[in-house]
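Heads up: the structure comes next, in structure tokens.
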Amino acid sequence: MRATGPAGWCSISSPGRGRRKGGHSAGAQFLDRLAAFVPTEARRIVIANAGSYVFPSLEIDAPYGLGKVYSGTEGEAALRRYLEQPLTIYLGQGDTRDDERNDYPEALAQGASRYQRGLNVFNAAKTLAQARGWTFNWRLVELPGVGHSARKMFSAPQALEALSP
């Protein structure tokens, strides 16, 4: 595994297996927004301990949802494509501290902590996909006993599960 780019961002490639991208914290927020708004051919996208997410909703304005970016059927198509992305939400179960860097009302509306926000967005996406009969390619991988640490997250055995296509 080789980290490149800004802090919190990790890009992993494996010959013959396609691209997998993983981001931690701010890098994860950036990567989640790319997954929500930009079509990709990625085989796995890993969002680890993001401070906020693109909530799977057209009623919540971007960048915290998909609202005010698309109109009519375009919005439904974009929402469906987002839920079909090969996205893994990888959470440290101990990432529950108050976070002054993500204290915007829109982020707090997603949950009180990074851990809770990740669970909430995953569950909302899964529920929406099931209700609409859409393909849902997201996964949830949790790491017990770890808080907000990229080093611990990406060196844990669960990282392989999170990054696997």
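Each chain in the structure tokens gets a letter, A, B and so on, in the order shown; residues start at 1 in every chain, and ligands are counted from 1 in the order they appear.
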
Excluding Gly145 of chain A and its own-chain neighbours fewer than 4 positions away, which residues fall within 8 Å of it when counting only C-alpha atoms? Please give them as a PDB file with N, CA, C and O atoms, in the first residue's frame.
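result-v4.pdb written:
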```pdb
ATOM      1  N   GLY A  92     -13.955   3.676  12.646  1.00  0.00           N
ATOM      2  CA  GLY A  92     -13.392   3.352  13.949  1.00  0.00           C
ATOM      3  C   GLY A  92     -14.498   3.536  14.978  1.00  0.00           C
ATOM      4  O   GLY A  92     -15.041   4.633  15.113  1.00  0.00           O
ATOM      5  N   GLN A  93     -14.842   2.475  15.690  1.00  0.00           N
ATOM      6  CA  GLN A  93     -15.946   2.555  16.644  1.00  0.00           C
ATOM      7  C   GLN A  93     -15.659   3.531  17.783  1.00  0.00           C
ATOM      8  O   GLN A  93     -16.588   4.000  18.442  1.00  0.00           O
ATOM      9  N   GLY A  94     -14.400   3.869  17.989  1.00  0.00           N
ATOM     10  CA  GLY A  94     -14.038   4.810  19.044  1.00  0.00           C
ATOM     11  C   GLY A  94     -13.962   6.256  18.577  1.00  0.00           C
ATOM     12  O   GLY A  94     -13.575   7.132  19.344  1.00  0.00           O
TER      13      GLY A  94
END
```

Original post:
segment 39-56 of chain A: which residues within 8 Å, counting only C-alpha atoms, same-chain residues fewer than 6 positions away excluded, as number ranges by chain?
Top reply: A: 18-29, 31-33, 62-66, 79, 81-83, 85-92, 95, 102, 107, 110, 113-115, 117-118, 121, 124-125, 128, 148, 153, 162-165

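Take atom CA of Phe136 of chain A and atom CA of Glu84 of chain A: the distance between them is 5.2 Å.
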
From a DSSP pass on the backbone, collect the residues of chain A flagged as alpha helix (DSSP H) and hand them back as a short mmCIF file (atom, residue, chain, number, x, y, z; two decimals) with C-alpha atoms, in the first residue's frame.
```cif
data_model
loop_
_atom_site.label_atom_id
_atom_site.label_comp_id
_atom_site.auth_asym_id
_atom_site.auth_seq_id
_atom_site.Cartn_x
_atom_site.Cartn_y
_atom_site.Cartn_z
CA ALA A 26 -10.83 15.20 5.26
CA GLY A 27 -9.63 12.99 2.40
CA ALA A 28 -12.64 10.76 3.03
CA GLN A 29 -15.04 13.71 2.85
CA PHE A 30 -13.52 14.72 -0.49
CA LEU A 31 -13.67 11.19 -1.83
CA ASP A 32 -17.30 10.77 -0.73
CA ARG A 33 -18.27 13.91 -2.60
CA LEU A 34 -16.52 12.61 -5.71
CA ALA A 35 -18.40 9.32 -5.37
CA ALA A 36 -21.71 11.18 -5.05
CA PHE A 37 -21.28 13.66 -7.89
CA THR A 73 -35.32 12.67 -13.10
CA GLU A 74 -31.65 13.74 -13.16
CA GLY A 75 -31.73 13.83 -9.37
CA GLU A 76 -33.20 10.36 -9.04
CA ALA A 77 -30.62 8.99 -11.50
CA ALA A 78 -27.75 10.64 -9.61
CA LEU A 79 -29.02 9.34 -6.29
CA ARG A 80 -29.34 5.82 -7.70
CA ARG A 81 -25.83 5.97 -9.20
CA TYR A 82 -24.43 7.08 -5.82
CA LEU A 83 -26.01 4.08 -4.08
CA GLU A 84 -24.66 1.76 -6.78
CA PRO A 105 -25.20 22.40 11.68
CA GLU A 106 -25.41 20.30 8.49
CA ALA A 107 -22.74 17.90 9.76
CA LEU A 108 -24.25 17.71 13.24
CA ARG A 114 -17.97 10.74 13.06
CA TYR A 115 -18.88 7.19 14.05
CA GLN A 116 -22.59 8.00 14.37
CA ARG A 117 -22.61 9.97 11.09
CA GLY A 118 -21.12 7.03 9.23
CA LEU A 119 -23.71 4.63 10.65
CA ASN A 120 -26.55 7.05 9.90
CA VAL A 121 -25.59 7.66 6.28
CA PHE A 122 -25.03 3.95 5.65
CA ASN A 123 -28.39 2.99 7.15
CA ALA A 124 -30.23 5.76 5.30
CA ALA A 125 -28.65 4.70 1.99
CA LYS A 126 -29.47 1.03 2.58
CA THR A 127 -33.07 1.82 3.54
CA LEU A 128 -33.56 4.05 0.49
CA ALA A 129 -32.11 1.48 -1.91
CA GLN A 130 -34.31 -1.28 -0.46
CA ALA A 131 -37.43 0.90 -0.60
CA ARG A 132 -36.83 1.77 -4.26
CA ALA A 150 -5.53 6.87 9.88
CA ARG A 151 -2.45 4.84 10.83
CA LYS A 152 -4.43 2.44 12.99
CA MET A 153 -7.34 2.27 10.54
CA PHE A 154 -5.26 1.39 7.48
CA SER A 155 -2.88 -0.97 9.31
CA PRO A 157 -6.70 -6.43 9.41
CA GLN A 158 -10.12 -4.93 8.66
CA ALA A 159 -8.48 -2.55 6.17
CA LEU A 160 -8.01 -5.44 3.74
CA GLU A 161 -11.73 -6.23 3.98
CA ALA A 162 -12.60 -2.56 3.48
CA LEU A 163 -10.34 -2.21 0.41
#
```

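Atom CA of Ala109 of chain A lies 23.6 Å from atom CA of Ser71 of chain A.
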